[in-house]
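Novice: Here it is, the structure in full.
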Amino acid sequence: MPKHEQTLLLVEDNADNALLIRELAEEMGLRLLVATNGQHGLDLARAERPGVILLDLALPLVDGWEAARRLKADPRTAAIPIVAITARAMDGDEQRAISAGCDVYLSKPVDIDALEHLINDYLKGAGRGELA
Ligand code: MN
């Protein structure tokens, strides 16, 4: 079980996208943690066990696909839903993200209303995979 249900972890190296998510988290009354590389994201996820992880795929140090695999392989973080977010919507990316353990995949620019609904559903405990 996540330790901090009302916490959102954003792993994103793009400042503009981070600002957008920060505004959304404020609007939703959620605590937001931000990591700008995959390794820091993994460290924060293990320490804080947030309710949802928003994961950019193109990241320094540890990329999003590898981060997702490690999160799902670790019993401390395996149950946390992962929303993959990427600017490079290339053929096969979505399938690679899902195979790596991401629960759902969104392309940039992110539809902020859709993302809000997703986060709400995950925080209410909708089962993994039901929203994909
Ligand atoms: Mn990136």
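Residues are referred to by chain and number: the chain letter is A, B, ... according to the order shown in the structure tokens, the number counts from 1 in that chain, and ligands are numbered separately from 1 in the order shown.
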Neighbours of A:Ala68 within 12 Å (only C-alpha atoms; same-chain residues fewer than 2 positions away dropped), as a ChimeraX atom specification?

Specialist: /A:11,38-39,41-42,45,53-57,59,62-66,70-74,77-85,96-104

Novice: Residues as selected, C-alpha atoms, written as a PDB file, in the first residue's frame, can you do that?

Specialist:
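The new file selection_4.pdb reads:
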```
ATOM      1  CA  VAL A  11       9.477  12.459 -12.503  1.00  0.00           C
ATOM      2  CA  GLY A  38      15.046   8.700 -13.004  1.00  0.00           C
ATOM      3  CA  GLN A  39      17.359   7.807 -10.140  1.00  0.00           C
ATOM      4  CA  GLY A  41      12.502   9.464  -8.887  1.00  0.00           C
ATOM      5  CA  LEU A  42      13.194   5.900  -7.741  1.00  0.00           C
ATOM      6  CA  ALA A  45       9.174   6.634  -4.715  1.00  0.00           C
ATOM      7  CA  ILE A  53       3.599   8.414 -10.128  1.00  0.00           C
ATOM      8  CA  LEU A  54       3.652  10.570 -13.280  1.00  0.00           C
ATOM      9  CA  LEU A  55       6.650   9.383 -15.233  1.00  0.00           C
ATOM     10  CA  ASP A  56       8.280  11.088 -18.190  1.00  0.00           C
ATOM     11  CA  LEU A  57       9.977   8.464 -20.337  1.00  0.00           C
ATOM     12  CA  LEU A  59      14.906  11.167 -18.505  1.00  0.00           C
ATOM     13  CA  VAL A  62      17.711   6.230 -15.482  1.00  0.00           C
ATOM     14  CA  ASP A  63      15.138   6.499 -18.278  1.00  0.00           C
ATOM     15  CA  GLY A  64      11.419   6.119 -17.661  1.00  0.00           C
ATOM     16  CA  TRP A  65      11.159   2.591 -19.029  1.00  0.00           C
ATOM     17  CA  GLU A  66      13.924   1.343 -16.761  1.00  0.00           C
ATOM     18  CA  ARG A  70      12.489  -1.172 -11.197  1.00  0.00           C
ATOM     19  CA  LEU A  71       9.394   0.277  -9.514  1.00  0.00           C
ATOM     20  CA  LYS A  72       7.295  -2.744 -10.469  1.00  0.00           C
ATOM     21  CA  ALA A  73      10.041  -5.185  -9.414  1.00  0.00           C
ATOM     22  CA  ASP A  74      10.269  -3.661  -5.923  1.00  0.00           C
ATOM     23  CA  THR A  77       6.569   0.384  -4.950  1.00  0.00           C
ATOM     24  CA  ALA A  78       4.991  -2.319  -7.141  1.00  0.00           C
ATOM     25  CA  ALA A  79       1.394  -1.360  -6.321  1.00  0.00           C
ATOM     26  CA  ILE A  80       1.753   2.335  -7.141  1.00  0.00           C
ATOM     27  CA  PRO A  81       0.028   3.244 -10.430  1.00  0.00           C
ATOM     28  CA  ILE A  82       2.377   4.745 -13.025  1.00  0.00           C
ATOM     29  CA  VAL A  83       1.154   7.216 -15.637  1.00  0.00           C
ATOM     30  CA  ALA A  84       3.720   7.382 -18.458  1.00  0.00           C
ATOM     31  CA  ILE A  85       4.038  10.766 -20.170  1.00  0.00           C
ATOM     32  CA  ARG A  96       7.104  -0.533 -24.516  1.00  0.00           C
ATOM     33  CA  ALA A  97       5.831   1.631 -21.670  1.00  0.00           C
ATOM     34  CA  ILE A  98       3.048  -0.787 -20.769  1.00  0.00           C
ATOM     35  CA  SER A  99       5.445  -3.742 -21.013  1.00  0.00           C
ATOM     36  CA  ALA A 100       7.835  -1.951 -18.652  1.00  0.00           C
ATOM     37  CA  GLY A 101       5.038  -1.728 -16.071  1.00  0.00           C
ATOM     38  CA  CYS A 102       3.361   1.612 -16.735  1.00  0.00           C
ATOM     39  CA  ASP A 103      -0.391   1.446 -16.130  1.00  0.00           C
ATOM     40  CA  VAL A 104      -1.406   4.046 -18.690  1.00  0.00           C
TER      41      VAL A 104
END
```

Novice: Just the alpha helix (DSSP H) stuff from chain A, please, per backbone DSSP, written as a ChimeraX atom specification.

Specialist: /A:15-28,38-48,64-73,93-100,112-123

Novice: Go through the chains and note each residue within 8 Å of ligand 1, using only C-alpha atoms and all ligand atoms, then give the set as an NGL selection string.

Specialist: :A and (12-14 or 56-60 or 86-87)

Novice: Would you mind exporting N, CA, C and O atoms of the selected residues as a compact mmCIF listing (two decimals), in the first residue's frame?

Specialist:
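This is the output file out-v8.txt:
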```txt
# COMPACT_ATOMS: atom_id res chain seq x y z
N GLU A 12 10.15 14.20 -14.02
CA GLU A 12 10.07 14.98 -15.27
C GLU A 12 11.23 15.97 -15.32
O GLU A 12 11.48 16.68 -14.34
N ASP A 13 11.93 16.01 -16.45
CA ASP A 13 13.05 16.95 -16.57
C ASP A 13 12.69 18.20 -17.36
O ASP A 13 13.54 19.06 -17.60
N ASN A 14 11.42 18.30 -17.77
CA ASN A 14 10.98 19.48 -18.52
C ASN A 14 10.26 20.45 -17.60
O ASN A 14 9.22 20.13 -17.03
N ASP A 56 7.76 10.77 -16.86
CA ASP A 56 8.28 11.09 -18.19
C ASP A 56 9.16 9.91 -18.62
O ASP A 56 9.78 9.25 -17.78
N LEU A 57 9.19 9.63 -19.90
CA LEU A 57 9.98 8.46 -20.34
C LEU A 57 11.41 8.83 -20.71
O LEU A 57 12.34 8.09 -20.42
N ALA A 58 11.59 10.00 -21.34
CA ALA A 58 12.94 10.44 -21.69
C ALA A 58 13.51 11.24 -20.52
O ALA A 58 13.17 12.40 -20.30
N LEU A 59 14.37 10.58 -19.74
CA LEU A 59 14.91 11.17 -18.50
C LEU A 59 16.40 10.89 -18.40
O LEU A 59 16.87 9.86 -18.87
N PRO A 60 17.14 11.78 -17.72
CA PRO A 60 18.56 11.51 -17.48
C PRO A 60 18.79 10.44 -16.40
O PRO A 60 17.89 10.16 -15.61
N THR A 86 4.95 11.13 -22.39
CA THR A 86 6.07 11.35 -23.28
C THR A 86 5.77 12.30 -24.41
O THR A 86 4.63 12.40 -24.88
N ALA A 87 6.81 13.03 -24.83
CA ALA A 87 6.70 13.95 -25.96
C ALA A 87 6.97 13.21 -27.26
O ALA A 87 6.53 13.63 -28.32
```

Novice: From the options A:Val34, A:Arg76, A:Val52, A:Ala47, which residue's atoms come nearest to A:Ala18, counting only C-alpha atoms?

Specialist: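 Comparing A:Val34, A:Arg76, A:Val52, A:Ala47 against A:Ala18, the winner is A:Val34.
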
Novice: Which residue out of A:Leu44, A:Leu123, A:Asp16, A:Glu5 has the minimum interatomic distance to A:Lys108 when only C-alpha atoms are used?

Specialist: A:Asp16

Novice: Neighbouring residues of A:Lys124 were defined as those with any atom within 12 Å, considering only C-alpha atoms; residues of the same chain fewer than 3 positions away were excluded. Please report them as a VMD selection string.

Specialist: chain A and resid 5 to 6 51 to 52 81 117 to 121 127 to 128

Novice: So which residues of stretch 2-131 of chain A fall under strand (DSSP E) by DSSP, listed as a PyMOL selection string?

Specialist: chain A and resi 4-11+31-35+50-56+82-86+104-107

Novice: Using only C-alpha atoms, which residue out of A:Leu115, A:Ile21, A:Leu10, A:Leu106 lies closest to A:Asn37?

Specialist: A:Leu10

Novice: Which of these, A:Arg49, A:His40, A:Arg31, A:His4, has the shortest distance to A:Leu61 once you count only C-alpha atoms?

Specialist: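 Comparing A:Arg49, A:His40, A:Arg31, A:His4 against A:Leu61, the winner is A:His40.
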